[in-house]
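Below is one structure, written out as structure tokens; comments come after it.
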Amino acid sequence: MAISSAGLGSGLNVNGIISQLMQIESQPLDKLNSRIKEAQTKISAIGSLQSSLSSFQARVLALSSNSAYKSLQGSLTDSTIGTVVTSAAAQQGSYSLAVSQLAQSHKLKSEVYSSASSPVGTGKLTIQFGTFDDGGTPGDQSDDKFSVNGEKGAMTIEIDSKNNTLTGLRDAINNKNAGVTATIINDGGGYRLLLSSTDSGVANSMRIQVEDTDGNNTDTSGLSKFAYDPTGTSNLSQTQAAQNALFTLDGIEISKSSNSVSDLLQGVTLNLQKVSAKDTTTGKPVSTTLNITRDTTGVKKSVQEFVDAYNEFVKGVDELSFYNQEDKTSGLLTGDYVIRSMQNALRSTLNERLGDGSFYQSLTDVGISFDKAGKMTLDNSKLQKALDSRPEDVASLFAQNGVASDARVTFTSSTTSTKTGKYDIEITQPAMRAQLTGLAIDPAGPFTITEGDNDTIMVAVDGVSSKQIKLTAGSYSSPAALAAEIQSQINGDANLKGAGVSVSMAFNATTNQFEMTSTRYGSASKVQITSTGAQTELFGLKVGQRGEGKDVAGTINGAAATGSGQVLNGTGPSEGLKLTITGDTAGYYGTLSLSRGFASRLDQTLNSLLSDKGAVQGRINGLNQNIKDMNAQGLALNRRLDATEKRYRDQFTALDVQMSKMSGVSSYLTQQLSMLSNLASGK
């Protein structure tokens, strides 16, 4: 039975009374809900500070790369001549540049075919790169010479019944990805195969030799149509000769195989795009100026962003932790330990001095200071002066940096456990590449490769075995020419090339021995002759000959270091320090000054604050746990309030029933008394 607000008939407002009583009973729950909302608001506020710290850390990381402080920029007065790219290794300077010729690659074309699917025959093509010399008599092949480029591996293309079309030949060449690009064009009269050397320069001219299945490698049928050898048979036509870039730098004549020159000035890549205009009077190329100047724009921008990000964090802290003495108001996180943890950690890091290993000891040395409100200020002129005069030391102030006194030592990296300071470097064993040396031979030769006799060799390089390698038959003019041929063919082997290993070949004119050297340093470097075909040796190179490389070894501050290739790894106090040693002799290699600048240290501090176990996340976790506990208390309070409301309702309902009964008795008695009164009055 429903109970009205006026009760069962007594007129008692049961619901209103219970509602007011429950409001009083609910006050602890209301306070608990207020505390939950406050905790949630604090989590949101701490989250905003967490975001500010993350933004600050991003700016810190921008200052942590030591190469940024040594950045230089290059430019040409006549920008149409080319472009200049610099690295941290570049040095400031100004040079006169005049370009007389641009490099270009070798290009060949085939005869016309009726379609792209026309048959081309079967057999094998061998493409090598090198330099042609016509001997000074055009049209006379008797004195022509082709010198193999030993730095470029030979490329062999098998053509069988599955790919013996013009398209199949094109794809087979391109799939090798070995320095030649093949294209088919329709010139209006038919289809031609165009071949272009990927690399420019006279040493990258192509020679294409053919082993035609029909047995005739010199005719103009079958696969022989793709032979090209100006010293012999050439059935392809040259459309562009290979040539070097020719230019002068400060009056010095220079020849380079590429228009992109990176070995001219240390840390400078010059990309030539146009030949210089000629002086109308002298006919000589007009010089332009190549300038290499220090570029501090990026560093100054990063430092300003670093300052701005720190001040944004300070602003957020102030808004959340202020206290106004006049009106007694305070911020949401005033007095909260997470604020103190953040401030103390950052101030401690920013105020400490760097110690040994750094010329600049504090941020104030480069113009960064703090005002009375605790915000950072930046004196740009002071920063610029430091960058101009001591860029390496500015790098050490901010970033983790190692400065070596010896050019043969390069700082590679260190860890947070590596102690800063100055380290003495002593090398007892320089890193070595594996090398094997053949037997002494007659340097006068002859140096002849005969097919089926001494034209094959197999090697193992750095643990990788080659296939059987075939050398180009013929007589070689010098041991250096033969060395280039052997190197080219070995480095063109599919197994070795696929594994990224290679060798260099040379003839030692002092000992009259061929030398084969792995291009890798360290104990993993190995070379071995595993086969020389039908002969027991190949010009002094015998089966079983082998060589092994050595890892660098030495000490850092007197403590033995471990080596891996050219990398020397510190131990003890220098644990985590990695140095690249490029010297080839034992001895004292000077010192390395290691510093861990403010960016590096701040990054560690911020990582600690923002980590899953850091102060910030710890405070958030604590607040979340408080909310969880208070929600549990709320559930218990709600259950108790439900029981209390039921008890009140039962009690007041019973009271209402009693009052209703008493009201009925009262009415009955009133009626009876009225009747008695009427009888007594004779009514």
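If you're wondering about the labels, chains in the structure tokens are A, B, ... by order shown, residues count from 1 in each chain, ligands from 1 in order shown.
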Looking only at helix (DSSP H, G or I) from DSSP on the backbone, list the matching residues of segment 423-643 of chain A as a ChimeraX atom specification.
-> /A:479-491,494-499,572-574,598-610,615-643
Go through segment 149-182 of chain A and flag each residue having an atom no more than 10 Å from segment 97-119 of chain A; for those, report the closest pair of atoms plus their distance in Å to one decimal, using only C-alpha atoms, ordered by chain and rising number, as a Markdown table.
| residue | atom | partner | partner_atom | distance |
| --- | --- | --- | --- | --- |
| A:Ser161 | CA | A:Pro119 | CA | 9.5 |
| A:Asn163 | CA | A:Pro119 | CA | 8.9 |
| A:Asn164 | CA | A:Pro119 | CA | 5.6 |
| A:Thr165 | CA | A:Pro119 | CA | 4.3 |
| A:Leu166 | CA | A:Ala116 | CA | 5.4 |
| A:Thr167 | CA | A:Ala116 | CA | 5.6 |
| A:Gly168 | CA | A:Ser117 | CA | 8.0 |
| A:Leu169 | CA | A:Pro119 | CA | 9.5 |
| A:Arg170 | CA | A:Ala116 | CA | 9.7 |
| A:Val180 | CA | A:His106 | CA | 9.6 |
| A:Thr181 | CA | A:Lys107 | CA | 9.5 |
| A:Ala182 | CA | A:Leu108 | CA | 9.6 |
For Glu485 of chain A, which of A:Ser287, A:Thr582, A:Ser504, A:Gln468 is the closest residue, counting only C-alpha atoms?
-> A:Ser504
DSSP strand (DSSP E or B) residues within segment 549-628 of chain A, as an NGL selection string | :A and (550 or 553-556 or 559-564 or 567-569 or 578-581 or 587-596)
Distance query segment 94-96 of chain A at most 9 Å, only C-alpha atoms, self and fewer than 3 positions along chain excluded, as JSON, numbers by chain = {"A": [248, 249, 250, 251, 287, 288, 289, 290, 291, 292, 293]}
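The space separating atom CA of Thr122 of chain A from atom CA of Gly222 of chain A comes to 7.0 Å.
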Please provide the set of residues having any atom within 9 Å of Gly544 of chain A, restricted to only C-alpha atoms, with same-chain residues fewer than 5 positions apart removed, written as a PyMOL selection string.
-> chain A and resi 528-531
Spatial neighbours of Met516 of chain A, 12 Å, only C-alpha atoms, chain gap at least 6 places, as a ChimeraX atom specification | /A:433-438,459-461,483-484,486-487,490-491,502-508,526-529,540-542,545-548
So which one's closest to Arg408 of chain A, A:Leu363, A:Ile469, A:Ala586, A:Leu195? Using only C-alpha atoms, please.
->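 Looking only at the distances to Arg408 of chain A, the closest residue turns out to be A:Ala586.
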With only C-alpha atoms as the atoms that count, which of A:Ile36, A:Ala62, A:Ile173, A:Ile127 lies nearest to Asp629 of chain A?
->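 The closest residue to Asp629 of chain A is A:Ile36.
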Give me, as a compact mmCIF listing (two decimals) with all heavy atoms, in the first residue's frame, all polymer residues having an atom no more than 12 Å from Leu264 of chain A, counting only C-alpha atoms and skipping those fewer than 3 positions away in the same chain.
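Saved the output as out_13.txt:
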# COMPACT_ATOMS: atom_id res chain seq x y z
N VAL A 84 75.83 22.88 -51.89
CA VAL A 84 76.84 22.44 -50.92
C VAL A 84 76.13 21.88 -49.70
O VAL A 84 75.22 22.50 -49.15
CB VAL A 84 77.75 23.61 -50.50
CG1 VAL A 84 78.87 23.11 -49.59
CG2 VAL A 84 78.32 24.33 -51.72
N THR A 86 77.03 20.21 -45.83
CA THR A 86 78.12 20.07 -44.87
C THR A 86 77.72 19.17 -43.71
O THR A 86 76.54 18.98 -43.43
CB THR A 86 78.53 21.44 -44.31
OG1 THR A 86 77.39 22.04 -43.66
CG2 THR A 86 79.03 22.37 -45.40
N ALA A 90 83.14 19.38 -41.09
CA ALA A 90 83.62 20.45 -41.98
C ALA A 90 84.35 21.52 -41.19
O ALA A 90 84.17 21.68 -39.98
CB ALA A 90 82.44 21.06 -42.73
N TYR A 95 86.83 29.39 -50.64
CA TYR A 95 87.61 28.83 -51.74
C TYR A 95 87.09 29.35 -53.08
O TYR A 95 85.90 29.66 -53.23
CB TYR A 95 87.52 27.30 -51.72
CG TYR A 95 87.78 26.68 -50.38
CD1 TYR A 95 86.74 26.48 -49.47
CD2 TYR A 95 89.06 26.30 -50.00
CE1 TYR A 95 86.97 25.92 -48.22
CE2 TYR A 95 89.30 25.73 -48.75
CZ TYR A 95 88.25 25.55 -47.87
OH TYR A 95 88.48 25.00 -46.64
N LEU A 97 86.22 28.46 -56.92
CA LEU A 97 85.80 27.26 -57.65
C LEU A 97 85.43 27.62 -59.10
O LEU A 97 84.69 28.57 -59.34
CB LEU A 97 84.60 26.60 -56.97
CG LEU A 97 83.95 25.43 -57.69
CD1 LEU A 97 84.87 24.20 -57.64
CD2 LEU A 97 82.59 25.10 -57.08
N PHE A 247 87.36 20.41 -62.62
CA PHE A 247 87.22 21.75 -62.04
C PHE A 247 88.49 22.12 -61.30
O PHE A 247 89.38 21.29 -61.09
CB PHE A 247 86.01 21.80 -61.10
CG PHE A 247 86.03 20.79 -59.98
CD1 PHE A 247 86.52 21.12 -58.72
CD2 PHE A 247 85.55 19.50 -60.18
CE1 PHE A 247 86.53 20.19 -57.69
CE2 PHE A 247 85.56 18.56 -59.16
CZ PHE A 247 86.05 18.91 -57.91
N THR A 248 88.57 23.38 -60.92
CA THR A 248 89.71 23.85 -60.13
C THR A 248 89.20 24.41 -58.81
O THR A 248 88.15 25.04 -58.76
CB THR A 248 90.51 24.94 -60.87
OG1 THR A 248 89.67 26.08 -61.09
CG2 THR A 248 91.05 24.43 -62.19
N LEU A 249 89.96 24.14 -57.76
CA LEU A 249 89.67 24.69 -56.44
C LEU A 249 90.91 25.44 -55.98
O LEU A 249 91.97 24.83 -55.80
CB LEU A 249 89.30 23.59 -55.45
CG LEU A 249 88.79 24.08 -54.09
CD1 LEU A 249 87.36 24.56 -54.21
CD2 LEU A 249 88.88 22.98 -53.04
N ILE A 252 93.86 24.68 -58.09
CA ILE A 252 94.31 23.29 -58.20
C ILE A 252 93.36 22.53 -59.12
O ILE A 252 92.15 22.50 -58.90
CB ILE A 252 94.36 22.62 -56.82
CG1 ILE A 252 95.29 23.40 -55.88
CG2 ILE A 252 94.80 21.17 -56.93
CD1 ILE A 252 95.24 22.92 -54.44
N GLU A 253 93.91 21.90 -60.17
CA GLU A 253 93.08 21.15 -61.11
C GLU A 253 92.66 19.82 -60.49
O GLU A 253 93.50 19.07 -59.96
CB GLU A 253 93.83 20.92 -62.41
CG GLU A 253 94.11 22.21 -63.18
CD GLU A 253 94.75 21.94 -64.53
OE1 GLU A 253 95.05 20.77 -64.83
OE2 GLU A 253 94.94 22.90 -65.29
N ILE A 254 91.37 19.51 -60.57
CA ILE A 254 90.81 18.32 -59.92
C ILE A 254 89.93 17.57 -60.90
O ILE A 254 89.18 18.18 -61.68
CB ILE A 254 90.00 18.72 -58.67
CG1 ILE A 254 90.92 19.39 -57.64
CG2 ILE A 254 89.32 17.50 -58.05
CD1 ILE A 254 90.18 20.07 -56.53
N SER A 255 90.02 16.24 -60.86
CA SER A 255 89.17 15.38 -61.68
C SER A 255 88.46 14.40 -60.76
O SER A 255 89.11 13.72 -59.95
CB SER A 255 90.03 14.62 -62.71
OG SER A 255 89.23 13.70 -63.43
N LYS A 256 87.12 14.31 -60.87
CA LYS A 256 86.32 13.41 -60.05
C LYS A 256 85.34 12.65 -60.93
O LYS A 256 84.83 13.17 -61.92
CB LYS A 256 85.56 14.19 -58.97
CG LYS A 256 86.46 14.87 -57.93
CD LYS A 256 87.16 13.87 -57.04
CE LYS A 256 88.02 14.55 -55.99
NZ LYS A 256 88.72 13.58 -55.11
N SER A 258 82.37 11.68 -60.20
CA SER A 258 80.96 12.03 -59.98
C SER A 258 80.81 13.54 -59.86
O SER A 258 81.74 14.25 -59.48
CB SER A 258 80.44 11.35 -58.72
OG SER A 258 79.16 11.81 -58.38
N ASN A 259 79.60 14.01 -60.14
CA ASN A 259 79.29 15.43 -59.92
C ASN A 259 78.98 15.70 -58.45
O ASN A 259 78.87 16.85 -58.05
CB ASN A 259 78.09 15.86 -60.79
CG ASN A 259 78.45 15.85 -62.26
OD1 ASN A 259 79.52 16.30 -62.65
ND2 ASN A 259 77.54 15.32 -63.08
N SER A 260 78.81 14.62 -57.68
CA SER A 260 78.64 14.75 -56.24
C SER A 260 79.96 14.39 -55.60
O SER A 260 80.36 13.22 -55.55
CB SER A 260 77.52 13.83 -55.74
OG SER A 260 77.34 13.96 -54.36
N VAL A 261 80.67 15.39 -55.12
CA VAL A 261 82.04 15.22 -54.64
C VAL A 261 82.07 15.36 -53.12
O VAL A 261 81.81 16.43 -52.58
CB VAL A 261 82.98 16.26 -55.28
CG1 VAL A 261 84.42 16.02 -54.84
CG2 VAL A 261 82.86 16.22 -56.80
N GLY A 267 84.11 16.79 -44.61
CA GLY A 267 82.78 17.17 -44.14
C GLY A 267 81.98 17.99 -45.12
O GLY A 267 80.92 18.51 -44.78
N VAL A 268 82.45 18.11 -46.38
CA VAL A 268 81.75 18.93 -47.39
C VAL A 268 81.41 18.06 -48.60
O VAL A 268 82.27 17.35 -49.12
CB VAL A 268 82.61 20.12 -47.84
CG1 VAL A 268 81.90 20.91 -48.94
CG2 VAL A 268 82.93 21.03 -46.66
N THR A 269 80.16 18.09 -49.02
CA THR A 269 79.74 17.44 -50.26
C THR A 269 79.33 18.53 -51.25
O THR A 269 78.43 19.32 -50.98
CB THR A 269 78.56 16.48 -50.03
OG1 THR A 269 78.97 15.45 -49.13
CG2 THR A 269 78.12 15.85 -51.34
N LEU A 270 80.03 18.54 -52.37
CA LEU A 270 79.78 19.54 -53.42
C LEU A 270 79.03 18.85 -54.55
O LEU A 270 79.51 17.88 -55.13
CB LEU A 270 81.12 20.09 -53.91
CG LEU A 270 81.11 21.15 -55.01
CD1 LEU A 270 80.38 22.40 -54.54
CD2 LEU A 270 82.53 21.48 -55.43
N ASN A 271 77.84 19.34 -54.86
CA ASN A 271 77.02 18.78 -55.94
C ASN A 271 77.04 19.73 -57.13
O ASN A 271 76.37 20.77 -57.14
CB ASN A 271 75.59 18.57 -55.46
CG ASN A 271 75.51 17.60 -54.30
OD1 ASN A 271 75.93 16.45 -54.41
ND2 ASN A 271 74.98 18.05 -53.17
Excluding segment 449-455 of chain A and residues on its chain fewer than 2 positions from it, collect all residues at most 12 Å away from it, counting only C-alpha atoms, and give them as an MDAnalysis selection string.
-> chainID A and resid 445:447 457:458 468:477 479 481:483 485:486 489 531:541
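Atom CA of Gly563 of chain A to atom CA of Ser405 of chain A spans 20.3 Å [interatomic distance, one decimal].
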Please, what distance in Å, to one decimal, runs between atom CA of Ser389 of chain A and atom CA of Phe411 of chain A?
->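 Interatomic distance, atom CA of Ser389 of chain A to atom CA of Phe411 of chain A: 21.5 Å.
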